[in-house]
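A.B. asks: Dropping in my_file_29.cif, with mmCIF, C-alpha atoms and all ligand atoms.
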```cif
data_start
#
loop_
_atom_site.label_atom_id
_atom_site.label_comp_id
_atom_site.auth_asym_id
_atom_site.auth_seq_id
_atom_site.Cartn_x
_atom_site.Cartn_y
_atom_site.Cartn_z
CA MET O 107 155.57 112.46 128.25
CA THR O 108 157.18 115.60 129.72
CA GLU O 109 159.31 117.50 127.23
CA LYS O 110 162.39 119.14 128.79
CA TYR O 111 165.33 121.14 127.43
CA GLU O 112 168.50 122.77 128.75
CA ALA O 113 167.18 126.08 127.44
CA ILE O 114 164.12 127.51 125.71
CA VAL O 115 164.44 130.68 123.63
CA ILE O 116 161.14 132.48 123.00
CA GLY O 117 161.00 134.47 119.74
CA GLY O 118 162.66 133.73 116.40
CA GLY O 119 163.90 137.16 115.37
CA VAL O 120 167.59 137.80 114.89
CA MET O 121 168.14 138.04 118.66
CA GLY O 122 166.54 134.70 119.49
CA CYS O 123 168.38 132.89 116.70
CA SER O 124 171.69 134.52 117.60
CA THR O 125 171.17 133.43 121.22
CA LEU O 126 170.48 129.87 120.09
CA HIS O 127 173.73 129.89 118.11
CA TYR O 128 175.81 131.23 120.99
CA LEU O 129 174.23 128.78 123.43
CA ALA O 130 175.50 126.05 121.10
CA GLU O 131 178.92 127.74 121.05
CA LEU O 132 178.91 127.46 124.84
CA GLY O 133 178.06 123.76 124.61
CA VAL O 134 174.34 124.08 125.39
CA THR O 135 172.72 122.22 122.51
CA LYS O 136 169.62 120.56 123.94
CA THR O 137 167.72 123.74 123.22
CA LEU O 138 164.40 124.73 121.72
CA LEU O 139 163.44 127.99 120.02
CA LEU O 140 159.73 128.74 119.85
CA GLU O 141 158.41 131.19 117.26
CA ARG O 142 154.71 131.79 116.77
CA ASP O 143 155.08 132.88 113.13
CA THR O 144 158.15 132.35 110.93
CA LEU O 145 161.79 133.27 111.57
CA ALA O 146 162.46 137.00 111.07
CA SER O 147 158.74 137.77 110.76
CA GLY O 148 158.90 140.61 113.35
CA SER O 149 161.07 143.73 113.29
CA THR O 150 164.01 141.72 111.95
CA GLY O 151 162.54 141.06 108.51
CA ARG O 152 161.69 144.77 108.10
CA SER O 153 165.11 146.06 109.09
CA MET O 154 167.30 148.28 106.91
CA THR O 155 170.22 146.27 108.39
CA ILE O 156 172.71 149.14 108.41
CA LEU O 157 175.92 148.30 110.30
CA ARG O 158 177.80 151.24 111.83
CA MET O 159 179.81 151.78 114.98
CA HIS O 160 179.16 155.47 115.69
CA TYR O 161 177.57 155.55 119.16
CA SER O 162 177.72 157.59 122.35
CA ASN O 163 178.34 154.72 124.79
CA ARG O 164 181.34 152.40 124.92
CA VAL O 165 179.49 149.12 125.41
CA ILE O 166 177.28 149.80 122.37
CA THR O 167 180.26 150.82 120.21
CA GLU O 168 182.13 147.69 121.30
CA MET O 169 179.13 145.46 120.60
CA ALA O 170 178.64 146.99 117.15
CA TRP O 171 182.34 146.64 116.29
CA TRP O 172 182.63 143.05 117.52
CA SER O 173 179.41 142.14 115.70
CA ARG O 174 180.58 143.74 112.47
CA GLY O 175 183.50 141.28 112.56
CA VAL O 176 181.07 138.37 112.86
CA MET O 177 178.84 139.69 110.04
CA ALA O 178 181.86 140.16 107.76
CA ASN O 179 183.18 136.63 108.49
CA PHE O 180 179.84 134.90 108.87
CA GLU O 181 180.70 131.95 106.60
CA ASP O 182 183.71 131.10 108.77
CA GLU O 183 182.13 131.85 112.13
CA VAL O 184 178.56 130.68 111.63
CA GLY O 185 178.78 128.53 108.50
CA ALA O 186 176.38 130.44 106.27
CA PRO O 187 176.32 133.63 104.17
CA SER O 188 175.18 136.90 105.83
CA GLY O 189 174.87 139.01 102.67
CA TYR O 190 177.41 141.37 104.24
CA GLN O 191 178.40 144.27 102.02
CA GLN O 192 181.07 146.65 103.24
CA ASN O 193 180.14 150.25 102.50
CA ASP O 194 181.29 153.72 103.52
CA TRP O 195 178.98 155.34 106.08
CA LEU O 196 178.46 159.11 106.28
CA LEU O 197 176.68 160.97 109.06
CA VAL O 198 175.60 164.56 108.62
CA PRO O 199 175.36 165.57 112.29
CA GLY O 200 173.78 168.95 111.59
CA PRO O 201 174.32 172.35 113.20
CA GLY O 202 175.12 172.20 116.89
CA ASN O 203 176.03 168.51 116.81
CA GLU O 204 179.65 168.89 115.66
CA ASP O 205 181.13 168.39 119.15
CA ALA O 206 178.91 165.38 119.78
CA ALA O 207 180.01 163.86 116.48
CA SER O 208 183.66 164.42 117.23
CA THR O 209 183.35 162.91 120.75
CA ASN O 210 181.71 159.79 119.31
CA VAL O 211 184.39 159.54 116.63
CA LYS O 212 187.09 159.57 119.32
CA LEU O 213 185.22 156.88 121.25
CA ALA O 214 184.93 154.71 118.13
CA GLN O 215 188.62 155.24 117.27
CA SER O 216 189.58 154.11 120.78
CA VAL O 217 187.69 150.86 120.12
CA GLY O 218 189.58 150.38 116.82
CA VAL O 219 187.03 151.69 114.33
CA GLU O 220 188.30 153.36 111.16
CA THR O 221 186.48 156.69 111.34
CA GLU O 222 187.11 160.43 111.16
CA VAL O 223 185.42 163.80 110.89
CA LEU O 224 185.75 165.11 107.33
CA SER O 225 185.49 168.67 106.13
CA ILE O 226 182.88 169.29 103.45
CA ASP O 227 185.65 169.89 100.90
CA ASP O 228 187.19 166.49 101.71
CA ALA O 229 183.82 164.78 101.47
CA ILE O 230 182.95 166.37 98.13
CA SER O 231 186.33 165.54 96.65
CA ARG O 232 185.73 161.88 97.55
CA TRP O 233 182.07 161.74 96.53
CA PRO O 234 181.59 164.52 93.95
CA TYR O 235 177.93 163.57 93.40
CA MET O 236 177.05 164.53 96.99
CA GLN O 237 176.33 167.94 98.50
CA PHE O 238 176.27 169.31 102.03
CA GLY O 239 175.34 172.58 103.68
CA GLU O 240 177.93 175.29 104.23
CA ASN O 241 179.87 175.03 107.51
CA GLU O 242 178.72 171.45 108.00
CA CYS O 243 181.00 168.55 108.84
CA VAL O 244 180.57 164.90 107.97
CA VAL O 245 181.48 161.78 109.94
CA TRP O 246 182.93 158.93 107.90
CA GLU O 247 183.30 155.24 108.79
CA GLY O 248 185.12 152.93 106.41
CA LYS O 249 184.12 149.48 107.65
CA ALA O 250 180.41 150.03 107.95
CA GLY O 251 177.96 148.28 105.62
CA PHE O 252 174.82 146.23 105.61
CA ALA O 253 173.76 142.58 105.61
CA ASP O 254 170.68 140.47 104.91
CA SER O 255 168.43 140.02 107.94
CA HIS O 256 166.87 136.78 106.70
CA LEU O 257 170.24 135.20 105.87
CA VAL O 258 171.70 136.20 109.24
CA THR O 259 168.69 134.97 111.23
CA ASN O 260 168.43 131.69 109.37
CA GLY O 261 172.21 131.26 109.44
CA PHE O 262 172.28 131.48 113.22
CA ALA O 263 169.35 129.06 113.49
CA SER O 264 170.92 126.53 111.10
CA SER O 265 174.21 126.64 112.94
CA ALA O 266 172.48 125.81 116.23
CA ARG O 267 170.29 123.13 114.63
CA SER O 268 173.33 121.42 113.13
CA ARG O 269 174.51 120.90 116.72
CA GLY O 270 171.25 119.59 118.14
CA ALA O 271 169.00 122.63 118.74
CA SER O 272 165.35 122.49 117.68
CA VAL O 273 163.41 125.33 116.09
CA ARG O 274 159.64 125.10 116.22
CA LEU O 275 157.54 127.53 114.20
CA GLY O 276 153.85 128.33 114.60
CA VAL O 277 153.94 127.87 118.39
CA SER O 278 152.82 130.75 120.58
CA VAL O 279 154.06 131.02 124.16
CA ASP O 280 151.22 132.17 126.42
CA GLU O 281 152.92 132.09 129.80
CA ILE O 282 156.27 131.60 131.51
CA LEU O 283 155.91 128.88 134.14
CA HIS O 284 157.77 129.49 137.40
CA GLU O 285 157.99 128.24 140.99
CA ASN O 286 159.61 130.08 143.90
CA GLY O 287 161.62 132.45 141.73
CA VAL O 288 162.73 129.75 139.29
CA ALA O 289 161.50 129.65 135.70
CA ILE O 290 160.63 126.06 134.93
CA GLY O 291 159.12 126.18 131.46
CA VAL O 292 156.54 127.69 129.17
CA ARG O 293 152.85 127.19 128.53
CA THR O 294 152.21 127.28 124.79
CA ASP O 295 149.10 126.99 122.64
CA GLN O 296 150.28 123.41 122.05
CA GLY O 297 151.04 122.37 125.63
CA ASP O 298 153.64 122.86 128.37
CA ILE O 299 157.37 122.49 127.73
CA PHE O 300 160.00 122.57 130.48
CA ALA O 301 163.56 123.89 130.60
CA ASP O 302 166.45 124.69 132.94
CA ARG O 303 166.64 128.27 131.66
CA ILE O 304 164.58 130.58 129.48
CA VAL O 305 165.59 133.47 127.22
CA LEU O 306 162.95 136.00 126.22
CA THR O 307 163.54 137.70 122.86
CA THR O 308 160.05 138.61 121.73
CA GLY O 309 160.84 142.13 120.50
CA PRO O 310 157.79 144.43 120.52
CA TRP O 311 155.80 141.80 122.47
CA THR O 312 158.28 141.40 125.34
CA ASN O 313 156.03 142.91 128.00
CA VAL O 314 153.11 140.62 127.14
CA LEU O 315 154.99 137.75 128.80
CA LEU O 316 157.22 139.73 131.13
CA GLU O 317 154.48 141.56 132.98
CA GLN O 318 153.04 138.21 134.06
CA VAL O 319 156.13 137.65 136.22
CA THR O 320 157.47 141.12 137.07
CA GLU O 321 157.17 144.84 136.34
CA PRO O 322 156.96 145.58 132.59
CA LEU O 323 159.97 147.17 130.92
CA PRO O 324 159.76 150.90 130.05
CA ILE O 325 159.57 150.23 126.32
CA HIS O 326 157.11 151.31 123.65
CA THR O 327 156.76 150.83 119.92
CA VAL O 328 157.18 153.37 117.13
CA ARG O 329 156.48 152.96 113.44
CA HIS O 330 159.46 153.51 111.13
CA GLN O 331 158.77 153.79 107.41
CA VAL O 332 161.05 152.48 104.68
CA MET O 333 160.77 153.34 101.01
CA ARG O 334 162.45 151.59 98.10
CA LEU O 335 163.53 153.88 95.28
CA LYS O 336 164.72 153.21 91.76
CA GLN O 337 167.79 155.32 91.16
CA GLN O 338 168.29 157.60 88.22
CA GLU O 339 169.33 155.42 85.25
CA GLY O 340 173.11 154.85 85.19
CA PHE O 341 173.76 156.33 88.65
CA GLU O 342 175.17 153.02 89.92
CA LYS O 343 178.07 153.49 87.48
CA VAL O 344 178.74 156.98 88.87
CA ALA O 345 178.54 155.70 92.45
CA GLU O 346 180.68 152.62 91.65
CA PRO O 347 178.23 150.80 92.36
CA PHE O 348 177.36 151.78 95.94
CA HIS O 349 177.10 155.33 97.19
CA PRO O 350 177.82 155.71 100.92
CA ILE O 351 175.17 154.92 103.46
CA VAL O 352 173.84 158.34 104.44
CA VAL O 353 172.41 159.43 107.76
CA HIS O 354 170.98 162.88 108.37
CA ALA O 355 170.86 163.28 112.16
CA PRO O 356 168.59 166.36 112.40
CA SER O 357 165.74 164.65 110.53
CA GLY O 358 166.46 161.02 111.38
CA MET O 359 166.53 160.09 107.68
CA SER O 360 168.86 157.23 106.71
CA ALA O 361 169.49 155.73 103.28
CA ARG O 362 171.52 152.99 101.69
CA THR O 363 171.89 151.24 98.39
CA ASP O 364 169.73 148.15 98.05
CA THR O 365 170.23 145.83 95.10
CA PRO O 366 172.20 147.68 92.38
CA GLY O 367 170.08 150.46 90.92
CA TYR O 368 167.82 150.75 93.97
CA ALA O 369 168.00 152.50 97.35
CA LEU O 370 166.24 152.20 100.68
CA VAL O 371 165.30 155.33 102.64
CA GLY O 372 164.12 155.09 106.25
CA TYR O 373 162.28 157.98 107.83
CA ARG O 374 160.02 158.94 110.75
CA GLU O 375 159.43 157.44 114.17
CA ASP O 376 155.77 157.70 115.18
CA PRO O 377 154.35 156.06 118.32
CA CYS O 378 151.95 153.28 117.34
CA ASP O 379 150.14 150.20 118.53
CA ARG O 380 152.32 147.12 117.94
CA ASP O 381 149.43 144.98 116.70
CA THR O 382 147.39 147.38 114.56
CA TYR O 383 149.91 149.83 113.06
CA ASN O 384 149.79 150.73 109.37
CA GLN O 385 152.42 148.55 107.67
CA GLY O 386 152.46 150.65 104.49
CA VAL O 387 154.10 154.01 103.73
CA ASP O 388 152.43 157.43 103.91
CA THR O 389 152.51 159.66 100.83
CA GLU O 390 153.75 162.65 102.85
CA VAL O 391 156.63 160.54 104.18
CA VAL O 392 157.64 159.54 100.64
CA VAL O 393 157.71 163.19 99.60
CA GLU O 394 159.64 164.38 102.66
CA GLY O 395 162.00 161.39 102.83
CA MET O 396 162.90 161.55 99.13
CA GLY O 397 163.41 165.31 99.44
CA LEU O 398 165.80 164.96 102.38
CA PHE O 399 167.78 162.28 100.57
CA ALA O 400 167.94 164.25 97.29
CA ASP O 401 169.29 167.23 99.26
CA ILE O 402 172.40 165.11 99.93
CA ILE O 403 172.56 163.11 96.67
CA PRO O 404 170.83 165.30 94.05
CA ALA O 405 170.77 162.43 91.51
CA TYR O 406 167.87 161.11 93.59
CA GLU O 407 165.70 164.03 92.50
CA ASP O 408 164.89 161.84 89.49
CA ALA O 409 164.40 158.64 91.47
CA THR O 410 161.10 156.74 91.38
CA TYR O 411 159.27 155.42 94.42
CA VAL O 412 158.86 151.66 93.88
CA ASN O 413 157.36 150.32 97.10
CA GLY O 414 157.87 150.32 100.85
CA TRP O 415 156.89 149.07 104.26
CA SER O 416 156.73 150.05 107.91
CA GLY O 417 158.21 148.19 110.86
CA LEU O 418 158.39 148.51 114.62
CA PHE O 419 161.19 149.97 116.69
CA THR O 420 160.88 148.78 120.30
CA VAL O 421 162.19 151.84 122.07
CA SER O 422 163.50 151.99 125.63
CA LEU O 423 163.62 155.20 127.70
CA ASP O 424 167.24 155.90 126.69
CA TRP O 425 167.08 154.34 123.21
CA ASN O 426 169.46 151.58 124.23
CA PRO O 427 168.97 147.85 124.76
CA ILE O 428 168.17 146.03 127.98
CA ILE O 429 170.18 142.84 128.44
CA ASP O 430 169.84 141.20 131.84
CA ARG O 431 168.42 138.49 134.04
CA VAL O 432 164.84 139.31 134.98
CA PRO O 433 164.84 140.62 138.58
CA GLY O 434 164.05 137.84 141.00
CA PHE O 435 165.00 135.06 138.55
CA GLU O 436 168.47 133.56 138.10
CA ASN O 437 167.45 131.53 135.07
CA LEU O 438 165.18 133.90 133.11
CA VAL O 439 167.02 136.27 130.78
CA VAL O 440 165.62 139.05 128.62
CA GLY O 441 166.95 141.01 125.63
CA ALA O 442 164.71 143.86 124.52
CA GLY O 443 164.44 147.57 123.72
CA PHE O 444 166.81 147.60 120.76
CA SER O 445 165.35 150.96 119.79
CA GLY O 446 165.69 150.64 116.02
CA HIS O 447 169.40 149.82 115.93
CA GLY O 448 169.68 146.26 117.20
CA PHE O 449 170.40 144.29 114.04
CA LYS O 450 174.02 145.40 113.82
CA MET O 451 174.63 144.23 117.40
CA SER O 452 172.78 140.93 117.13
CA PRO O 453 175.89 138.70 117.35
CA ALA O 454 177.08 140.48 120.50
CA ILE O 455 173.57 140.50 121.98
CA GLY O 456 173.07 136.79 121.33
CA ARG O 457 176.46 136.04 122.86
CA SER O 458 175.64 138.14 125.94
CA LEU O 459 172.21 136.57 126.42
CA ALA O 460 173.70 133.09 126.09
CA GLU O 461 176.41 133.93 128.64
CA LEU O 462 173.84 135.26 131.11
CA ALA O 463 171.62 132.22 130.56
CA VAL O 464 174.40 129.74 131.38
CA GLY O 465 175.51 131.84 134.37
CA ALA O 466 178.95 132.64 132.92
CA LYS O 467 181.21 134.17 135.60
CA GLU O 468 182.53 136.70 133.11
CA THR O 469 180.74 138.14 130.11
CA THR O 470 182.41 139.24 126.86
CA PHE O 471 180.94 142.76 127.26
CA ASP O 472 180.37 144.91 130.32
CA LEU O 473 176.59 144.56 130.60
CA HIS O 474 176.22 146.77 133.66
CA PRO O 475 175.33 149.94 131.67
CA ILE O 476 172.49 148.12 129.88
CA ARG O 477 171.06 146.39 132.95
CA PHE O 478 167.35 146.11 133.80
CA SER O 479 167.54 148.29 136.93
CA ARG O 480 169.07 151.39 135.32
CA PHE O 481 165.61 152.89 134.81
CA GLU O 482 164.52 152.77 138.45
CA GLU O 483 168.03 153.85 139.50
CA ASP O 484 167.79 156.81 137.13
CA ASP O 485 171.13 155.84 135.61
CA LEU O 486 170.19 156.00 131.94
CA LEU O 487 172.69 155.95 129.12
CA LYS O 488 173.19 159.36 127.58
CA SER O 489 173.20 160.04 123.86
CA ALA O 490 175.28 162.75 122.24
CA TYR O 491 172.34 163.47 119.93
CA GLY O 492 169.54 163.54 122.51
CA GLY O 493 167.13 160.63 122.68
CA ASN O 494 166.85 159.03 119.27
CA VAL O 495 167.86 156.10 117.09
CA PHE O 496 171.41 157.48 116.73
CA ALA O 497 171.96 156.70 120.43
C1 LIG O 501 162.07 149.54 109.69
C2 LIG O 501 163.23 149.12 110.54
C3 LIG O 501 164.52 149.47 110.19
C4 LIG O 501 165.59 149.08 110.98
N1 LIG O 501 166.85 149.39 110.58
C5 LIG O 501 167.92 148.96 111.30
C6 LIG O 501 169.24 149.20 110.84
O1 LIG O 501 169.45 149.80 109.77
N2 LIG O 501 170.29 148.74 111.59
C7 LIG O 501 170.08 148.08 112.78
O2 LIG O 501 171.07 147.72 113.43
N3 LIG O 501 168.82 147.83 113.23
C8 LIG O 501 167.76 148.24 112.53
N4 LIG O 501 166.49 147.98 112.95
C9 LIG O 501 166.30 147.33 114.26
C10 LIG O 501 166.46 145.82 114.21
O3 LIG O 501 165.87 145.30 113.06
C11 LIG O 501 165.83 145.24 115.49
O4 LIG O 501 166.49 145.80 116.61
C12 LIG O 501 165.95 143.72 115.56
O5 LIG O 501 165.54 143.10 114.38
C13 LIG O 501 165.14 143.20 116.74
O6 LIG O 501 165.15 141.80 116.72
P1 LIG O 501 164.35 140.95 117.79
O7 LIG O 501 164.73 139.54 117.55
O8 LIG O 501 164.56 141.54 119.15
O9 LIG O 501 162.80 141.23 117.49
P2 LIG O 501 161.82 140.66 116.36
O10 LIG O 501 162.49 140.54 115.07
O11 LIG O 501 160.58 141.47 116.42
O12 LIG O 501 161.53 139.18 116.85
C14 LIG O 501 160.63 138.87 117.90
C15 LIG O 501 159.95 137.57 117.51
O13 LIG O 501 159.23 137.08 118.64
C16 LIG O 501 158.07 136.44 118.16
N5 LIG O 501 157.12 136.37 119.27
C17 LIG O 501 156.55 137.41 119.92
N6 LIG O 501 155.76 136.95 120.91
C18 LIG O 501 155.84 135.60 120.87
C19 LIG O 501 155.23 134.57 121.66
N7 LIG O 501 154.42 134.86 122.68
N8 LIG O 501 155.51 133.29 121.35
C20 LIG O 501 156.35 132.97 120.32
N9 LIG O 501 156.94 133.93 119.54
C21 LIG O 501 156.69 135.22 119.83
C22 LIG O 501 157.61 137.34 117.02
O14 LIG O 501 156.75 136.67 116.13
C23 LIG O 501 158.93 137.74 116.38
O15 LIG O 501 159.30 136.90 115.31
C24 LIG O 501 165.38 148.34 112.18
C25 LIG O 501 164.08 147.96 112.53
C26 LIG O 501 163.01 148.34 111.71
C27 LIG O 501 161.64 147.89 112.09
#
```
Write the structure described by the file as structure tokens, please.
Ligand SMILES: Cc1cc2nc3c(=O)[nH]c(=O)nc-3n(C[C@H](O)[C@H](O)[C@H](O)COP(=O)(O)OP(=O)(O)OC[C@H]3O[C@@H](n4cnc5c(N)ncnc54)[C@H](O)[C@@H]3O)c2cc1C

C.D. replies:
Amino acid sequence: MTEKYEAIVIGGGVMGCSTLHYLAELGVTKTLLLERDTLASGSTGRSMTILRMHYSNRVITEMAWWSRGVMANFEDEVGAPSGYQQNDWLLVPGPGNEDAASTNVKLAQSVGVETEVLSIDDAISRWPYMQFGENECVVWEGKAGFADSHLVTNGFASSARSRGASVRLGVSVDEILHENGVAIGVRTDQGDIFADRIVLTTGPWTNVLLEQVTEPLPIHTVRHQVMRLKQQEGFEKVAEPFHPIVVHAPSGMSARTDTPGYALVGYREDPCDRDTYNQGVDTEVVVEGMGLFADIIPAYEDATYVNGWSGLFTVSLDWNPIIDRVPGFENLVVGAGFSGHGFKMSPAIGRSLAELAVGAKETTFDLHPIRFSRFEEDDLLKSAYGGNVFA
């Protein structure tokens, strides 16, 4: 018997599950999500899950801010915990980036974000256990934080399932079936399944399916390494219990508290093969990453490396996402290229993908700046910090 749905979502990372949830919010509940592994088994489950709003482009700032509201009220909005923890966020922009930082702060303030540029004296009086270089400035955000990627992903999936959606694990999609510019279904390793519309959220593997139907997206994968450190004994009492999330723009190092007494440090973006990359952490990266972090919070000079992992950033040419209908198809939608900072926007991304999939006349966010065609039109988004994850 032919199996047919209102929508199929391919890929069970945070983006696919968020899309499934927002399809249900829009009344589309006869849906099927196909994941070849388990939920959050791709980039999502390796994320540092930092939530901040400091960006160079309005649509990204708005998406991050709107999404932060969903993450903070996840129980009410989605019906499950997100593990959200509000936490101060500090960016050390580094020499030459002061104007960029201040422009982004003004943008974020205009969206409603509680943020300001602090002098070093102000920062040290608030966090006396931190240190910064002379003549530096620091950007502060008060409603930043982090969440739990597995809780968020599974929460979105459960919410959709409670309204009729199906989630099928261990099913690999091999091909998108289409006729005369209309996507009609998918060919999987377990047979063909049909649908009125298809959403592609396969993260690093997006082009594997996309290039069968159109030009591949200009995206590539880089390996980002994350180390878990045990803090100096008793430091959680000094830092009450969470020190700010710290980002050092010149090096790309970011760090946050993990469970009390532990911290996560993310460092390095090295091009790699998405299927064969080293999923561990390099010794030199541990030494450099811990050193950079201890330069800002010296109590980490006595920290111990516990363990770590590497994950994939799927990076677009301008380090910003691509959210659009696939050219030539009204009913095939893609969300990709989150460039190492997608988790925080996942509610807004899922909402946008769902709106595009149902053909909504108006979308919650202005998706024009993050359209598919911006690359061939040479209309890339610009980052105040040059091309990197701080986009
Ligand atoms: C180390 C690291 C740190 C990060 N830190 C942050 C951070 O602090 N803050 C932030 O906002 N973002 C962060 N990110 C980025 C964020 O995690 C990603 O942008 C986000 O998780 C991407 O989700 P996704 O659903 O697009 O992709 P994925 O999670 O990779 O999901 C894609 C899914 O598709 C499945 N799939 C692929 N092909 C097929 C197929 N043919 N058939 C069926 N299923 C298929 C895969 O198995 C996978 O589960 C980080 C990422 C990494 C790796």

A.B. asks: Excluding segment 138-145 of chain O and its own-chain neighbours fewer than 5 positions away, which residues fall within 9 Å of it when counting all atoms listed in the file? Please give them as number ranges by chain.

C.D. replies: O: 111-120, 122-123, 126, 150-151, 256, 259-260, 263, 271-279, 301, 308

A.B. asks: Those same residues, written as a compact mmCIF listing (two decimals), keeping the file's coordinate frame with C-alpha atoms?

C.D. replies:
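Now in again10.txt:
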```
# COMPACT_ATOMS: atom_id res chain seq x y z
CA TYR O 111 165.33 121.14 127.43
CA GLU O 112 168.50 122.77 128.75
CA ALA O 113 167.18 126.08 127.44
CA ILE O 114 164.12 127.51 125.71
CA VAL O 115 164.44 130.68 123.63
CA ILE O 116 161.14 132.48 123.00
CA GLY O 117 161.00 134.47 119.74
CA GLY O 118 162.66 133.73 116.40
CA GLY O 119 163.90 137.16 115.37
CA VAL O 120 167.59 137.80 114.89
CA GLY O 122 166.54 134.70 119.49
CA CYS O 123 168.38 132.89 116.70
CA LEU O 126 170.48 129.87 120.09
CA THR O 150 164.01 141.72 111.95
CA GLY O 151 162.54 141.06 108.51
CA HIS O 256 166.87 136.78 106.70
CA THR O 259 168.69 134.97 111.23
CA ASN O 260 168.43 131.69 109.37
CA ALA O 263 169.35 129.06 113.49
CA ALA O 271 169.00 122.63 118.74
CA SER O 272 165.35 122.49 117.68
CA VAL O 273 163.41 125.33 116.09
CA ARG O 274 159.64 125.10 116.22
CA LEU O 275 157.54 127.53 114.20
CA GLY O 276 153.85 128.33 114.60
CA VAL O 277 153.94 127.87 118.39
CA SER O 278 152.82 130.75 120.58
CA VAL O 279 154.06 131.02 124.16
CA ALA O 301 163.56 123.89 130.60
CA THR O 308 160.05 138.61 121.73
```

A.B. asks: I want to know what sits within 9 Å of segment 369-379 of chain O, based on only C-alpha atoms, with residues of the same chain fewer than 2 positions away left out; could you give that as a compact mmCIF listing (two decimals) with C-alpha atoms, in the coordinates of the input?

C.D. replies:
```
# COMPACT_ATOMS: atom_id res chain seq x y z
CA MET O 154 167.30 148.28 106.91
CA HIS O 326 157.11 151.31 123.65
CA THR O 327 156.76 150.83 119.92
CA VAL O 328 157.18 153.37 117.13
CA ARG O 329 156.48 152.96 113.44
CA HIS O 330 159.46 153.51 111.13
CA GLN O 331 158.77 153.79 107.41
CA VAL O 332 161.05 152.48 104.68
CA MET O 333 160.77 153.34 101.01
CA ARG O 334 162.45 151.59 98.10
CA LEU O 335 163.53 153.88 95.28
CA LYS O 336 164.72 153.21 91.76
CA GLN O 337 167.79 155.32 91.16
CA SER O 357 165.74 164.65 110.53
CA GLY O 358 166.46 161.02 111.38
CA MET O 359 166.53 160.09 107.68
CA SER O 360 168.86 157.23 106.71
CA ALA O 361 169.49 155.73 103.28
CA ARG O 362 171.52 152.99 101.69
CA THR O 363 171.89 151.24 98.39
CA ASP O 364 169.73 148.15 98.05
CA THR O 365 170.23 145.83 95.10
CA PRO O 366 172.20 147.68 92.38
CA GLY O 367 170.08 150.46 90.92
CA ASP O 381 149.43 144.98 116.70
CA THR O 382 147.39 147.38 114.56
CA TYR O 383 149.91 149.83 113.06
CA ASN O 384 149.79 150.73 109.37
CA VAL O 391 156.63 160.54 104.18
CA VAL O 392 157.64 159.54 100.64
CA GLU O 394 159.64 164.38 102.66
CA GLY O 395 162.00 161.39 102.83
CA MET O 396 162.90 161.55 99.13
CA PHE O 399 167.78 162.28 100.57
CA GLY O 414 157.87 150.32 100.85
CA LEU O 418 158.39 148.51 114.62
CA PHE O 419 161.19 149.97 116.69
```

A.B. asks: In terms of the shortest atom-to-atom distance over only C-alpha atoms and all ligand atoms, which of O:Met451, O:Ile402, O:Val387, O:Leu132 is closest to ligand LIG 501 (chain O)?

C.D. replies: O:Met451

A.B. asks: Could you jot down the atom CA of Arg457 of chain O to atom CA of Asn163 of chain O separation for me, Å, one decimal place?

C.D. replies: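 Answer for the atom CA of Arg457 of chain O to atom CA of Asn163 of chain O separation: 18.9 Å.
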
A.B. asks: Separation of atom CA of Ile166 of chain O and atom CA of Leu473 of chain O, in Å?

C.D. replies: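 Going from atom CA of Ile166 of chain O over to atom CA of Leu473 of chain O covers 9.8 Å.
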
A.B. asks: Might you pull out every residue within 8 Å of Glu247 of chain O, with only C-alpha atoms counted and same-chain residues fewer than 4 positions away left off, and present them as number ranges by chain?

C.D. replies: O: 158-159, 194-196, 219-222

A.B. asks: Considering all atoms listed in the file, can you say which of O:Pro310, O:Gly270, O:Gly297, O:Gly239 comes closest to ligand LIG 501 (chain O)?

C.D. replies: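 Checking each candidate against ligand LIG 501 (chain O), we get O:Pro310 as the closest.
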
A.B. asks: Which residues come within 8 Å of Leu438 of chain O, counting all atoms listed in the file, excluding same-chain residues fewer than 4 positions away, as a PyMOL selection string?

C.D. replies: chain O and resi 288-289+303-306+431-432+463

A.B. asks: Dig up all the protein and nucleic acid residues within 12 Å of (178.9, 173.1, 97.0) in the file frame, using all atoms listed in the file, and format them as a PyMOL selection string.

C.D. replies: chain O and resi 226-231+233-242+401-404

A.B. asks: Dump C-alpha atoms for the selected residues as an mmCIF file, in the frame of the given file?

C.D. replies:
```cif
data_model
loop_
_atom_site.group_PDB
_atom_site.id
_atom_site.type_symbol
_atom_site.label_atom_id
_atom_site.label_comp_id
_atom_site.auth_asym_id
_atom_site.auth_seq_id
_atom_site.Cartn_x
_atom_site.Cartn_y
_atom_site.Cartn_z
ATOM 1 C CA ILE O 226 182.880 169.290 103.450
ATOM 2 C CA ASP O 227 185.650 169.890 100.900
ATOM 3 C CA ASP O 228 187.190 166.490 101.710
ATOM 4 C CA ALA O 229 183.820 164.780 101.470
ATOM 5 C CA ILE O 230 182.950 166.370 98.130
ATOM 6 C CA SER O 231 186.330 165.540 96.650
ATOM 7 C CA TRP O 233 182.070 161.740 96.530
ATOM 8 C CA PRO O 234 181.590 164.520 93.950
ATOM 9 C CA TYR O 235 177.930 163.570 93.400
ATOM 10 C CA MET O 236 177.050 164.530 96.990
ATOM 11 C CA GLN O 237 176.330 167.940 98.500
ATOM 12 C CA PHE O 238 176.270 169.310 102.030
ATOM 13 C CA GLY O 239 175.340 172.580 103.680
ATOM 14 C CA GLU O 240 177.930 175.290 104.230
ATOM 15 C CA ASN O 241 179.870 175.030 107.510
ATOM 16 C CA GLU O 242 178.720 171.450 108.000
ATOM 17 C CA ASP O 401 169.290 167.230 99.260
ATOM 18 C CA ILE O 402 172.400 165.110 99.930
ATOM 19 C CA ILE O 403 172.560 163.110 96.670
ATOM 20 C CA PRO O 404 170.830 165.300 94.050
#
```
